[in-house]
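Student: My structure is in protein.txt, and what it holds is compact mmCIF, N, CA, C and O atoms:
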```
# COMPACT_ATOMS: atom_id res chain seq x y z
N MET A 1 0.84 -1.18 0.00
CA MET A 1 0.00 0.00 0.00
C MET A 1 0.88 1.24 0.00
O MET A 1 1.87 1.30 0.71
N THR A 2 0.45 2.19 -0.76
CA THR A 2 1.22 3.42 -0.87
C THR A 2 0.90 4.36 0.29
O THR A 2 -0.18 4.27 0.90
N PRO A 3 1.81 5.26 0.60
CA PRO A 3 1.54 6.23 1.67
C PRO A 3 0.34 7.13 1.35
O PRO A 3 -0.37 7.55 2.26
N LEU A 4 0.09 7.37 0.07
CA LEU A 4 -1.06 8.18 -0.32
C LEU A 4 -2.37 7.51 0.06
O LEU A 4 -3.32 8.16 0.51
N LEU A 5 -2.43 6.19 -0.08
CA LEU A 5 -3.63 5.46 0.34
C LEU A 5 -3.81 5.52 1.85
O LEU A 5 -4.94 5.65 2.34
N TRP A 6 -2.72 5.43 2.59
CA TRP A 6 -2.82 5.53 4.05
C TRP A 6 -3.37 6.89 4.46
O TRP A 6 -4.21 7.00 5.36
N VAL A 7 -2.90 7.93 3.80
CA VAL A 7 -3.39 9.28 4.10
C VAL A 7 -4.87 9.39 3.77
O VAL A 7 -5.66 9.95 4.54
N ALA A 8 -5.27 8.82 2.64
CA ALA A 8 -6.68 8.86 2.25
C ALA A 8 -7.54 8.09 3.25
O ALA A 8 -8.63 8.56 3.63
N PHE A 9 -7.08 6.93 3.69
CA PHE A 9 -7.83 6.16 4.69
C PHE A 9 -7.96 6.94 6.00
O PHE A 9 -9.03 6.95 6.62
N LEU A 10 -6.89 7.57 6.41
CA LEU A 10 -6.94 8.36 7.65
C LEU A 10 -7.87 9.56 7.52
O LEU A 10 -8.61 9.89 8.46
N LEU A 11 -7.86 10.21 6.35
CA LEU A 11 -8.77 11.34 6.13
C LEU A 11 -10.22 10.90 6.14
O LEU A 11 -11.08 11.59 6.70
N VAL A 12 -10.52 9.75 5.54
CA VAL A 12 -11.89 9.24 5.55
C VAL A 12 -12.31 8.88 6.96
O VAL A 12 -13.44 9.17 7.38
N ALA A 13 -11.43 8.27 7.73
CA ALA A 13 -11.75 7.93 9.11
C ALA A 13 -11.99 9.18 9.96
O ALA A 13 -12.94 9.25 10.74
N ALA A 14 -11.14 10.18 9.78
CA ALA A 14 -11.31 11.44 10.51
C ALA A 14 -12.58 12.16 10.07
O ALA A 14 -13.31 12.71 10.90
N GLY A 15 -12.86 12.13 8.77
CA GLY A 15 -14.07 12.77 8.27
C GLY A 15 -15.33 12.12 8.81
O GLY A 15 -16.30 12.80 9.15
N GLY A 16 -15.35 10.80 8.87
CA GLY A 16 -16.50 10.10 9.44
C GLY A 16 -16.71 10.45 10.91
O GLY A 16 -17.84 10.62 11.37
N THR A 17 -15.62 10.58 11.63
CA THR A 17 -15.71 10.96 13.04
C THR A 17 -16.26 12.37 13.19
O THR A 17 -17.10 12.63 14.05
N VAL A 18 -15.83 13.27 12.33
CA VAL A 18 -16.32 14.65 12.38
C VAL A 18 -17.81 14.71 12.05
O VAL A 18 -18.57 15.44 12.69
N VAL A 19 -18.25 13.90 11.08
CA VAL A 19 -19.68 13.87 10.74
C VAL A 19 -20.50 13.41 11.94
O VAL A 19 -21.55 13.98 12.26
N VAL A 20 -20.03 12.39 12.62
CA VAL A 20 -20.77 11.86 13.77
C VAL A 20 -20.81 12.85 14.91
O VAL A 20 -21.84 13.00 15.58
N TRP A 21 -19.74 13.57 15.15
CA TRP A 21 -19.67 14.48 16.29
C TRP A 21 -20.26 15.86 16.02
O TRP A 21 -20.34 16.68 16.94
N THR A 22 -20.68 16.15 14.79
CA THR A 22 -21.31 17.42 14.48
C THR A 22 -22.78 17.34 14.88
O THR A 22 -23.49 16.43 14.47
N HIS A 23 -23.25 18.31 15.68
CA HIS A 23 -24.60 18.24 16.22
C HIS A 23 -25.61 19.08 15.45
O HIS A 23 -26.78 18.72 15.37
N ASP A 24 -25.21 20.20 14.89
CA ASP A 24 -26.12 21.06 14.16
C ASP A 24 -26.43 20.43 12.80
O ASP A 24 -25.52 20.16 12.02
N PRO A 25 -27.72 20.17 12.50
CA PRO A 25 -28.05 19.47 11.25
C PRO A 25 -27.62 20.21 9.99
O PRO A 25 -27.19 19.58 9.02
N ALA A 26 -27.70 21.52 9.98
CA ALA A 26 -27.28 22.27 8.79
C ALA A 26 -25.78 22.14 8.58
O ALA A 26 -25.30 21.93 7.46
N ARG A 27 -25.03 22.25 9.65
CA ARG A 27 -23.57 22.10 9.55
C ARG A 27 -23.20 20.66 9.22
O ARG A 27 -22.23 20.41 8.51
N GLN A 28 -23.98 19.73 9.73
CA GLN A 28 -23.71 18.33 9.47
C GLN A 28 -23.89 18.00 7.98
O GLN A 28 -23.15 17.18 7.43
N ALA A 29 -24.83 18.65 7.31
CA ALA A 29 -25.01 18.43 5.87
C ALA A 29 -23.79 18.89 5.09
O ALA A 29 -23.36 18.23 4.14
N VAL A 30 -23.21 20.01 5.50
CA VAL A 30 -22.01 20.51 4.83
C VAL A 30 -20.83 19.57 5.08
O VAL A 30 -20.08 19.23 4.16
N VAL A 31 -20.69 19.11 6.31
CA VAL A 31 -19.61 18.19 6.64
C VAL A 31 -19.80 16.86 5.91
O VAL A 31 -18.84 16.25 5.44
N LEU A 32 -21.04 16.45 5.75
CA LEU A 32 -21.34 15.22 5.01
C LEU A 32 -20.94 15.36 3.55
O LEU A 32 -20.45 14.41 2.94
N SER A 33 -21.11 16.53 3.00
CA SER A 33 -20.70 16.77 1.62
C SER A 33 -19.18 16.68 1.48
O SER A 33 -18.66 16.10 0.52
N VAL A 34 -18.45 17.25 2.42
CA VAL A 34 -16.99 17.15 2.41
C VAL A 34 -16.55 15.70 2.57
O VAL A 34 -15.61 15.24 1.91
N TYR A 35 -17.26 14.97 3.43
CA TYR A 35 -16.96 13.55 3.61
C TYR A 35 -17.17 12.78 2.31
O TYR A 35 -16.39 11.88 1.98
N GLY A 36 -18.20 13.16 1.54
CA GLY A 36 -18.42 12.54 0.24
C GLY A 36 -17.27 12.79 -0.71
O GLY A 36 -16.88 11.91 -1.48
N LEU A 37 -16.70 13.99 -0.65
CA LEU A 37 -15.53 14.29 -1.49
C LEU A 37 -14.32 13.45 -1.07
O LEU A 37 -13.55 13.00 -1.92
N LEU A 38 -14.16 13.27 0.23
CA LEU A 38 -13.05 12.43 0.70
C LEU A 38 -13.21 10.99 0.24
O LEU A 38 -12.24 10.35 -0.17
N LEU A 39 -14.44 10.49 0.29
CA LEU A 39 -14.68 9.13 -0.20
C LEU A 39 -14.44 9.03 -1.70
O LEU A 39 -13.92 8.02 -2.19
N THR A 40 -14.80 10.08 -2.42
CA THR A 40 -14.55 10.10 -3.87
C THR A 40 -13.06 10.02 -4.15
O THR A 40 -12.62 9.26 -5.03
N LEU A 41 -12.28 10.78 -3.41
CA LEU A 41 -10.82 10.73 -3.56
C LEU A 41 -10.30 9.33 -3.28
O LEU A 41 -9.45 8.80 -4.03
N LEU A 42 -10.81 8.69 -2.24
CA LEU A 42 -10.37 7.34 -1.91
C LEU A 42 -10.72 6.36 -3.03
O LEU A 42 -9.89 5.52 -3.40
N PHE A 43 -11.91 6.47 -3.58
CA PHE A 43 -12.31 5.57 -4.65
C PHE A 43 -11.47 5.78 -5.91
O PHE A 43 -11.16 4.83 -6.61
N VAL A 44 -11.11 7.02 -6.18
CA VAL A 44 -10.24 7.28 -7.33
C VAL A 44 -8.87 6.66 -7.10
O VAL A 44 -8.29 6.05 -8.01
N LEU A 45 -8.35 6.80 -5.89
CA LEU A 45 -7.04 6.21 -5.59
C LEU A 45 -7.08 4.68 -5.64
O LEU A 45 -6.08 4.04 -5.95
N LEU A 46 -8.23 4.10 -5.33
CA LEU A 46 -8.38 2.64 -5.39
C LEU A 46 -8.75 2.17 -6.79
O LEU A 46 -9.07 0.99 -6.98
N GLN A 47 -8.72 3.07 -7.76
CA GLN A 47 -8.98 2.80 -9.17
C GLN A 47 -10.38 2.23 -9.40
O GLN A 47 -10.56 1.21 -10.07
N ALA A 48 -11.37 2.90 -8.80
CA ALA A 48 -12.78 2.55 -9.00
C ALA A 48 -13.51 3.80 -9.49
O ALA A 48 -14.26 4.43 -8.74
N PRO A 49 -13.30 4.18 -10.75
CA PRO A 49 -13.87 5.44 -11.24
C PRO A 49 -15.39 5.44 -11.30
O PRO A 49 -16.01 6.48 -11.10
N ASP A 50 -16.01 4.28 -11.57
CA ASP A 50 -17.47 4.24 -11.63
C ASP A 50 -18.08 4.49 -10.25
O ASP A 50 -19.07 5.21 -10.11
N VAL A 51 -17.48 3.92 -9.23
CA VAL A 51 -17.96 4.14 -7.86
C VAL A 51 -17.69 5.59 -7.45
O VAL A 51 -18.52 6.21 -6.78
N ALA A 52 -16.58 6.14 -7.87
CA ALA A 52 -16.25 7.53 -7.54
C ALA A 52 -17.25 8.49 -8.17
O ALA A 52 -17.69 9.46 -7.52
N LEU A 53 -17.65 8.24 -9.41
CA LEU A 53 -18.65 9.10 -10.05
C LEU A 53 -19.99 9.01 -9.35
O LEU A 53 -20.68 10.02 -9.17
N SER A 54 -20.37 7.82 -8.94
CA SER A 54 -21.63 7.66 -8.20
C SER A 54 -21.55 8.38 -6.86
O SER A 54 -22.52 9.01 -6.42
N GLN A 55 -20.41 8.30 -6.20
CA GLN A 55 -20.23 8.96 -4.92
C GLN A 55 -20.30 10.47 -5.07
O GLN A 55 -20.87 11.15 -4.22
N VAL A 56 -19.73 11.01 -6.12
CA VAL A 56 -19.80 12.45 -6.35
C VAL A 56 -21.24 12.88 -6.51
O VAL A 56 -21.69 13.86 -5.92
N ALA A 57 -21.99 12.14 -7.31
CA ALA A 57 -23.38 12.52 -7.58
C ALA A 57 -24.25 12.37 -6.35
O ALA A 57 -25.01 13.28 -6.00
N VAL A 58 -24.17 11.24 -5.69
CA VAL A 58 -25.08 10.96 -4.58
C VAL A 58 -24.55 11.50 -3.26
O VAL A 58 -25.24 12.24 -2.56
N GLY A 59 -23.34 11.14 -2.89
CA GLY A 59 -22.83 11.46 -1.57
C GLY A 59 -22.43 12.90 -1.38
O GLY A 59 -22.44 13.42 -0.27
N THR A 60 -22.06 13.57 -2.46
CA THR A 60 -21.60 14.94 -2.34
C THR A 60 -22.70 15.95 -2.64
O THR A 60 -22.71 17.03 -2.08
N ALA A 61 -23.65 15.58 -3.49
CA ALA A 61 -24.66 16.55 -3.90
C ALA A 61 -26.06 16.21 -3.41
O ALA A 61 -26.72 17.02 -2.76
N VAL A 62 -26.56 15.03 -3.71
CA VAL A 62 -27.97 14.72 -3.49
C VAL A 62 -28.31 14.56 -2.00
O VAL A 62 -29.26 15.17 -1.52
N VAL A 63 -27.56 13.75 -1.28
CA VAL A 63 -27.89 13.50 0.12
C VAL A 63 -27.78 14.77 0.98
O VAL A 63 -28.71 15.08 1.74
N PRO A 64 -26.69 15.55 0.88
CA PRO A 64 -26.67 16.79 1.66
C PRO A 64 -27.79 17.76 1.28
O PRO A 64 -28.35 18.44 2.14
N LEU A 65 -28.15 17.80 0.00
CA LEU A 65 -29.25 18.65 -0.42
C LEU A 65 -30.57 18.19 0.20
O LEU A 65 -31.36 19.01 0.67
N MET A 66 -30.80 16.89 0.23
CA MET A 66 -32.02 16.38 0.86
C MET A 66 -32.05 16.67 2.34
O MET A 66 -33.10 17.00 2.90
N VAL A 67 -30.90 16.56 3.00
CA VAL A 67 -30.84 16.86 4.44
C VAL A 67 -31.15 18.34 4.67
O VAL A 67 -31.93 18.70 5.57
N MET A 68 -30.57 19.20 3.85
CA MET A 68 -30.83 20.65 4.01
C MET A 68 -32.30 20.97 3.75
O MET A 68 -32.88 21.81 4.45
N LEU A 69 -32.91 20.36 2.76
CA LEU A 69 -34.32 20.59 2.51
C LEU A 69 -35.19 20.10 3.66
O LEU A 69 -36.17 20.75 4.03
N ALA A 70 -34.83 18.96 4.24
CA ALA A 70 -35.59 18.45 5.38
C ALA A 70 -35.43 19.35 6.59
O ALA A 70 -36.40 19.63 7.32
N VAL A 71 -34.23 19.85 6.83
CA VAL A 71 -33.99 20.76 7.97
C VAL A 71 -34.77 22.04 7.76
O VAL A 71 -35.39 22.57 8.69
N ARG A 72 -34.79 22.53 6.54
CA ARG A 72 -35.52 23.77 6.25
C ARG A 72 -37.02 23.59 6.45
O ARG A 72 -37.71 24.47 6.94
N LYS A 73 -37.54 22.42 6.06
CA LYS A 73 -38.97 22.14 6.19
C LYS A 73 -39.38 22.00 7.65
O LYS A 73 -40.45 22.45 8.03
N VAL A 74 -38.53 21.41 8.45
CA VAL A 74 -38.85 21.21 9.87
C VAL A 74 -38.67 22.52 10.59
O VAL A 74 -39.40 22.97 11.39
```
Using structure tokens, write down the structure from this file.
Tutor:
Amino acid sequence: MTPLLWVAFLLVAAGGTVVVWTHDPARQAVVLSVYGLLLTLLFVLLQAPDVALSQVAVGTAVVPLMVMLAVRKV
């Protein structure tokens, strides 16, 4: 394993921890979007471009948008 993969794994682990520990739902949606970008980077480094494209579309854009719309509605 390359050192770049280790850094990506550590960033994803740290990002997941930050998402869990964020309490404000609006801020959590933004952090979730950043976490989606980190996962996209990891998938690109693991040479899974199809999964990375799906992650960009769903994990970075759609899910945080749905969370923000739900928070706004409530």
Student: Got a sec: who's within 8 Å of stretch 41-48 of chain A, counting all atoms listed in the file, leaving out chain neighbours fewer than 4 positions off, as a ChimeraX atom specification?
Tutor: /A:4-5,8-9,12,34-37,52-56
Student: Distance atom CA of A:Gln28-atom CA of A:Pro3, one decimal place?
Tutor: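 Interatomic distance, atom CA of A:Gln28 to atom CA of A:Pro3: 29.1 Å.
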Student: Once you add 6 Å to each side, what are the centre and edge lengths of the axis-aligned box holding all listed atoms of stretch 39-56 of chain A? One decimal in Å, as AutoDock Vina command-line options, if you can.
Tutor:
```
--center_x -14.3 --center_y 7.4 --center_z -5.7 --size_x 28.4 --size_y 24.9 --size_z 23.9
```
Student: How many Å separate atom N of A:Val18 from atom N of A:Val31?
Tutor: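 According to the coordinates, atom N of A:Val18 and atom N of A:Val31 are separated by 9.7 Å.
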Student: Rounded to one decimal, what separation in Å do you get between atom CA of A:Val19 and atom CA of A:Leu32?
Tutor: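 Distance reported for this atom pair: 6.1 Å.
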Student: Kindly indicate which residue among A:Ser33, A:Leu11, A:Arg72, A:Leu39 lies nearest to A:Thr60, using only C-alpha atoms for the distances.
Tutor: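 Using only C-alpha atoms, the shortest distance to A:Thr60 belongs to A:Ser33.
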Student: Which is closer to A:Lys73 than all the others in A:Ala61, A:Val7, A:Gly15, A:Ala26, using only C-alpha atoms?
Tutor: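 The answer is A:Ala26, which sits nearest to A:Lys73.
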Student: From a backbone DSSP assignment, name each residue in chain A labelled alpha helix (DSSP H), as a short mmCIF file (atom, residue, chain, number, x, y, z; two decimals) with N, CA, C and O atoms, in the frame of the given file.
Tutor:
```cif
data_model
loop_
_atom_site.label_atom_id
_atom_site.label_comp_id
_atom_site.auth_asym_id
_atom_site.auth_seq_id
_atom_site.Cartn_x
_atom_site.Cartn_y
_atom_site.Cartn_z
N PRO A 3 1.81 5.26 0.60
CA PRO A 3 1.54 6.23 1.67
C PRO A 3 0.34 7.13 1.35
O PRO A 3 -0.37 7.55 2.26
N LEU A 4 0.09 7.37 0.07
CA LEU A 4 -1.06 8.18 -0.32
C LEU A 4 -2.37 7.51 0.06
O LEU A 4 -3.32 8.16 0.51
N LEU A 5 -2.43 6.19 -0.08
CA LEU A 5 -3.63 5.46 0.34
C LEU A 5 -3.81 5.52 1.85
O LEU A 5 -4.94 5.65 2.34
N TRP A 6 -2.72 5.43 2.59
CA TRP A 6 -2.82 5.53 4.05
C TRP A 6 -3.37 6.89 4.46
O TRP A 6 -4.21 7.00 5.36
N VAL A 7 -2.90 7.93 3.80
CA VAL A 7 -3.39 9.28 4.10
C VAL A 7 -4.87 9.39 3.77
O VAL A 7 -5.66 9.95 4.54
N ALA A 8 -5.27 8.82 2.64
CA ALA A 8 -6.68 8.86 2.25
C ALA A 8 -7.54 8.09 3.25
O ALA A 8 -8.63 8.56 3.63
N PHE A 9 -7.08 6.93 3.69
CA PHE A 9 -7.83 6.16 4.69
C PHE A 9 -7.96 6.94 6.00
O PHE A 9 -9.03 6.95 6.62
N LEU A 10 -6.89 7.57 6.41
CA LEU A 10 -6.94 8.36 7.65
C LEU A 10 -7.87 9.56 7.52
O LEU A 10 -8.61 9.89 8.46
N LEU A 11 -7.86 10.21 6.35
CA LEU A 11 -8.77 11.34 6.13
C LEU A 11 -10.22 10.90 6.14
O LEU A 11 -11.08 11.59 6.70
N VAL A 12 -10.52 9.75 5.54
CA VAL A 12 -11.89 9.24 5.55
C VAL A 12 -12.31 8.88 6.96
O VAL A 12 -13.44 9.17 7.38
N ALA A 13 -11.43 8.27 7.73
CA ALA A 13 -11.75 7.93 9.11
C ALA A 13 -11.99 9.18 9.96
O ALA A 13 -12.94 9.25 10.74
N ALA A 14 -11.14 10.18 9.78
CA ALA A 14 -11.31 11.44 10.51
C ALA A 14 -12.58 12.16 10.07
O ALA A 14 -13.31 12.71 10.90
N GLY A 15 -12.86 12.13 8.77
CA GLY A 15 -14.07 12.77 8.27
C GLY A 15 -15.33 12.12 8.81
O GLY A 15 -16.30 12.80 9.15
N GLY A 16 -15.35 10.80 8.87
CA GLY A 16 -16.50 10.10 9.44
C GLY A 16 -16.71 10.45 10.91
O GLY A 16 -17.84 10.62 11.37
N THR A 17 -15.62 10.58 11.63
CA THR A 17 -15.71 10.96 13.04
C THR A 17 -16.26 12.37 13.19
O THR A 17 -17.10 12.63 14.05
N VAL A 18 -15.83 13.27 12.33
CA VAL A 18 -16.32 14.65 12.38
C VAL A 18 -17.81 14.71 12.05
O VAL A 18 -18.57 15.44 12.69
N VAL A 19 -18.25 13.90 11.08
CA VAL A 19 -19.68 13.87 10.74
C VAL A 19 -20.50 13.41 11.94
O VAL A 19 -21.55 13.98 12.26
N VAL A 20 -20.03 12.39 12.62
CA VAL A 20 -20.77 11.86 13.77
C VAL A 20 -20.81 12.85 14.91
O VAL A 20 -21.84 13.00 15.58
N TRP A 21 -19.74 13.57 15.15
CA TRP A 21 -19.67 14.48 16.29
C TRP A 21 -20.26 15.86 16.02
O TRP A 21 -20.34 16.68 16.94
N PRO A 25 -27.72 20.17 12.50
CA PRO A 25 -28.05 19.47 11.25
C PRO A 25 -27.62 20.21 9.99
O PRO A 25 -27.19 19.58 9.02
N ALA A 26 -27.70 21.52 9.98
CA ALA A 26 -27.28 22.27 8.79
C ALA A 26 -25.78 22.14 8.58
O ALA A 26 -25.30 21.93 7.46
N ARG A 27 -25.03 22.25 9.65
CA ARG A 27 -23.57 22.10 9.55
C ARG A 27 -23.20 20.66 9.22
O ARG A 27 -22.23 20.41 8.51
N GLN A 28 -23.98 19.73 9.73
CA GLN A 28 -23.71 18.33 9.47
C GLN A 28 -23.89 18.00 7.98
O GLN A 28 -23.15 17.18 7.43
N ALA A 29 -24.83 18.65 7.31
CA ALA A 29 -25.01 18.43 5.87
C ALA A 29 -23.79 18.89 5.09
O ALA A 29 -23.36 18.23 4.14
N VAL A 30 -23.21 20.01 5.50
CA VAL A 30 -22.01 20.51 4.83
C VAL A 30 -20.83 19.57 5.08
O VAL A 30 -20.08 19.23 4.16
N VAL A 31 -20.69 19.11 6.31
CA VAL A 31 -19.61 18.19 6.64
C VAL A 31 -19.80 16.86 5.91
O VAL A 31 -18.84 16.25 5.44
N LEU A 32 -21.04 16.45 5.75
CA LEU A 32 -21.34 15.22 5.01
C LEU A 32 -20.94 15.36 3.55
O LEU A 32 -20.45 14.41 2.94
N SER A 33 -21.11 16.53 3.00
CA SER A 33 -20.70 16.77 1.62
C SER A 33 -19.18 16.68 1.48
O SER A 33 -18.66 16.10 0.52
N VAL A 34 -18.45 17.25 2.42
CA VAL A 34 -16.99 17.15 2.41
C VAL A 34 -16.55 15.70 2.57
O VAL A 34 -15.61 15.24 1.91
N TYR A 35 -17.26 14.97 3.43
CA TYR A 35 -16.96 13.55 3.61
C TYR A 35 -17.17 12.78 2.31
O TYR A 35 -16.39 11.88 1.98
N GLY A 36 -18.20 13.16 1.54
CA GLY A 36 -18.42 12.54 0.24
C GLY A 36 -17.27 12.79 -0.71
O GLY A 36 -16.88 11.91 -1.48
N LEU A 37 -16.70 13.99 -0.65
CA LEU A 37 -15.53 14.29 -1.49
C LEU A 37 -14.32 13.45 -1.07
O LEU A 37 -13.55 13.00 -1.92
N LEU A 38 -14.16 13.27 0.23
CA LEU A 38 -13.05 12.43 0.70
C LEU A 38 -13.21 10.99 0.24
O LEU A 38 -12.24 10.35 -0.17
N LEU A 39 -14.44 10.49 0.29
CA LEU A 39 -14.68 9.13 -0.20
C LEU A 39 -14.44 9.03 -1.70
O LEU A 39 -13.92 8.02 -2.19
N THR A 40 -14.80 10.08 -2.42
CA THR A 40 -14.55 10.10 -3.87
C THR A 40 -13.06 10.02 -4.15
O THR A 40 -12.62 9.26 -5.03
N LEU A 41 -12.28 10.78 -3.41
CA LEU A 41 -10.82 10.73 -3.56
C LEU A 41 -10.30 9.33 -3.28
O LEU A 41 -9.45 8.80 -4.03
N LEU A 42 -10.81 8.69 -2.24
CA LEU A 42 -10.37 7.34 -1.91
C LEU A 42 -10.72 6.36 -3.03
O LEU A 42 -9.89 5.52 -3.40
N PHE A 43 -11.91 6.47 -3.58
CA PHE A 43 -12.31 5.57 -4.65
C PHE A 43 -11.47 5.78 -5.91
O PHE A 43 -11.16 4.83 -6.61
N VAL A 44 -11.11 7.02 -6.18
CA VAL A 44 -10.24 7.28 -7.33
C VAL A 44 -8.87 6.66 -7.10
O VAL A 44 -8.29 6.05 -8.01
N LEU A 45 -8.35 6.80 -5.89
CA LEU A 45 -7.04 6.21 -5.59
C LEU A 45 -7.08 4.68 -5.64
O LEU A 45 -6.08 4.04 -5.95
N PRO A 49 -13.30 4.18 -10.75
CA PRO A 49 -13.87 5.44 -11.24
C PRO A 49 -15.39 5.44 -11.30
O PRO A 49 -16.01 6.48 -11.10
N ASP A 50 -16.01 4.28 -11.57
CA ASP A 50 -17.47 4.24 -11.63
C ASP A 50 -18.08 4.49 -10.25
O ASP A 50 -19.07 5.21 -10.11
N VAL A 51 -17.48 3.92 -9.23
CA VAL A 51 -17.96 4.14 -7.86
C VAL A 51 -17.69 5.59 -7.45
O VAL A 51 -18.52 6.21 -6.78
N ALA A 52 -16.58 6.14 -7.87
CA ALA A 52 -16.25 7.53 -7.54
C ALA A 52 -17.25 8.49 -8.17
O ALA A 52 -17.69 9.46 -7.52
N LEU A 53 -17.65 8.24 -9.41
CA LEU A 53 -18.65 9.10 -10.05
C LEU A 53 -19.99 9.01 -9.35
O LEU A 53 -20.68 10.02 -9.17
N SER A 54 -20.37 7.82 -8.94
CA SER A 54 -21.63 7.66 -8.20
C SER A 54 -21.55 8.38 -6.86
O SER A 54 -22.52 9.01 -6.42
N GLN A 55 -20.41 8.30 -6.20
CA GLN A 55 -20.23 8.96 -4.92
C GLN A 55 -20.30 10.47 -5.07
O GLN A 55 -20.87 11.15 -4.22
N VAL A 63 -27.56 13.75 -1.28
CA VAL A 63 -27.89 13.50 0.12
C VAL A 63 -27.78 14.77 0.98
O VAL A 63 -28.71 15.08 1.74
N PRO A 64 -26.69 15.55 0.88
CA PRO A 64 -26.67 16.79 1.66
C PRO A 64 -27.79 17.76 1.28
O PRO A 64 -28.35 18.44 2.14
N LEU A 65 -28.15 17.80 0.00
CA LEU A 65 -29.25 18.65 -0.42
C LEU A 65 -30.57 18.19 0.20
O LEU A 65 -31.36 19.01 0.67
N MET A 66 -30.80 16.89 0.23
CA MET A 66 -32.02 16.38 0.86
C MET A 66 -32.05 16.67 2.34
O MET A 66 -33.10 17.00 2.90
N VAL A 67 -30.90 16.56 3.00
CA VAL A 67 -30.84 16.86 4.44
C VAL A 67 -31.15 18.34 4.67
O VAL A 67 -31.93 18.70 5.57
N MET A 68 -30.57 19.20 3.85
CA MET A 68 -30.83 20.65 4.01
C MET A 68 -32.30 20.97 3.75
O MET A 68 -32.88 21.81 4.45
N LEU A 69 -32.91 20.36 2.76
CA LEU A 69 -34.32 20.59 2.51
C LEU A 69 -35.19 20.10 3.66
O LEU A 69 -36.17 20.75 4.03
N ALA A 70 -34.83 18.96 4.24
CA ALA A 70 -35.59 18.45 5.38
C ALA A 70 -35.43 19.35 6.59
O ALA A 70 -36.40 19.63 7.32
N VAL A 71 -34.23 19.85 6.83
CA VAL A 71 -33.99 20.76 7.97
C VAL A 71 -34.77 22.04 7.76
O VAL A 71 -35.39 22.57 8.69
N ARG A 72 -34.79 22.53 6.54
CA ARG A 72 -35.52 23.77 6.25
C ARG A 72 -37.02 23.59 6.45
O ARG A 72 -37.71 24.47 6.94
N LYS A 73 -37.54 22.42 6.06
CA LYS A 73 -38.97 22.14 6.19
C LYS A 73 -39.38 22.00 7.65
O LYS A 73 -40.45 22.45 8.03
#
```
Student: Using the block above, I'd like stretch 34-45 of chain A written out, keeping N, CA, C and O atoms and formatting it as a PDB file, in the first residue's frame.
Tutor:
```
ATOM      1  N   VAL A  34     -18.453  17.247   2.422  1.00  0.00           N
ATOM      2  CA  VAL A  34     -16.986  17.155   2.407  1.00  0.00           C
ATOM      3  C   VAL A  34     -16.549  15.704   2.571  1.00  0.00           C
ATOM      4  O   VAL A  34     -15.614  15.244   1.912  1.00  0.00           O
ATOM      5  N   TYR A  35     -17.257  14.970   3.427  1.00  0.00           N
ATOM      6  CA  TYR A  35     -16.958  13.553   3.615  1.00  0.00           C
ATOM      7  C   TYR A  35     -17.169  12.783   2.305  1.00  0.00           C
ATOM      8  O   TYR A  35     -16.393  11.880   1.976  1.00  0.00           O
ATOM      9  N   GLY A  36     -18.197  13.159   1.542  1.00  0.00           N
ATOM     10  CA  GLY A  36     -18.421  12.539   0.243  1.00  0.00           C
ATOM     11  C   GLY A  36     -17.269  12.789  -0.709  1.00  0.00           C
ATOM     12  O   GLY A  36     -16.879  11.906  -1.483  1.00  0.00           O
ATOM     13  N   LEU A  37     -16.705  13.994  -0.648  1.00  0.00           N
ATOM     14  CA  LEU A  37     -15.530  14.291  -1.485  1.00  0.00           C
ATOM     15  C   LEU A  37     -14.321  13.452  -1.069  1.00  0.00           C
ATOM     16  O   LEU A  37     -13.547  13.002  -1.917  1.00  0.00           O
ATOM     17  N   LEU A  38     -14.156  13.268   0.227  1.00  0.00           N
ATOM     18  CA  LEU A  38     -13.047  12.434   0.702  1.00  0.00           C
ATOM     19  C   LEU A  38     -13.212  10.990   0.237  1.00  0.00           C
ATOM     20  O   LEU A  38     -12.239  10.345  -0.173  1.00  0.00           O
ATOM     21  N   LEU A  39     -14.439  10.485   0.291  1.00  0.00           N
ATOM     22  CA  LEU A  39     -14.675   9.128  -0.195  1.00  0.00           C
ATOM     23  C   LEU A  39     -14.439   9.030  -1.700  1.00  0.00           C
ATOM     24  O   LEU A  39     -13.919   8.022  -2.192  1.00  0.00           O
ATOM     25  N   THR A  40     -14.803  10.082  -2.425  1.00  0.00           N
ATOM     26  CA  THR A  40     -14.554  10.101  -3.867  1.00  0.00           C
ATOM     27  C   THR A  40     -13.062  10.019  -4.149  1.00  0.00           C
ATOM     28  O   THR A  40     -12.623   9.260  -5.028  1.00  0.00           O
ATOM     29  N   LEU A  41     -12.275  10.783  -3.408  1.00  0.00           N
ATOM     30  CA  LEU A  41     -10.825  10.726  -3.561  1.00  0.00           C
ATOM     31  C   LEU A  41     -10.296   9.325  -3.284  1.00  0.00           C
ATOM     32  O   LEU A  41      -9.449   8.803  -4.030  1.00  0.00           O
ATOM     33  N   LEU A  42     -10.805   8.694  -2.240  1.00  0.00           N
ATOM     34  CA  LEU A  42     -10.370   7.338  -1.906  1.00  0.00           C
ATOM     35  C   LEU A  42     -10.715   6.364  -3.026  1.00  0.00           C
ATOM     36  O   LEU A  42      -9.889   5.525  -3.405  1.00  0.00           O
ATOM     37  N   PHE A  43     -11.914   6.471  -3.576  1.00  0.00           N
ATOM     38  CA  PHE A  43     -12.310   5.565  -4.652  1.00  0.00           C
ATOM     39  C   PHE A  43     -11.468   5.783  -5.907  1.00  0.00           C
ATOM     40  O   PHE A  43     -11.159   4.829  -6.614  1.00  0.00           O
ATOM     41  N   VAL A  44     -11.109   7.021  -6.182  1.00  0.00           N
ATOM     42  CA  VAL A  44     -10.242   7.284  -7.330  1.00  0.00           C
ATOM     43  C   VAL A  44      -8.869   6.665  -7.101  1.00  0.00           C
ATOM     44  O   VAL A  44      -8.292   6.055  -8.006  1.00  0.00           O
ATOM     45  N   LEU A  45      -8.348   6.802  -5.894  1.00  0.00           N
ATOM     46  CA  LEU A  45      -7.038   6.208  -5.593  1.00  0.00           C
ATOM     47  C   LEU A  45      -7.079   4.684  -5.636  1.00  0.00           C
ATOM     48  O   LEU A  45      -6.076   4.043  -5.949  1.00  0.00           O
TER      49      LEU A  45
END
```
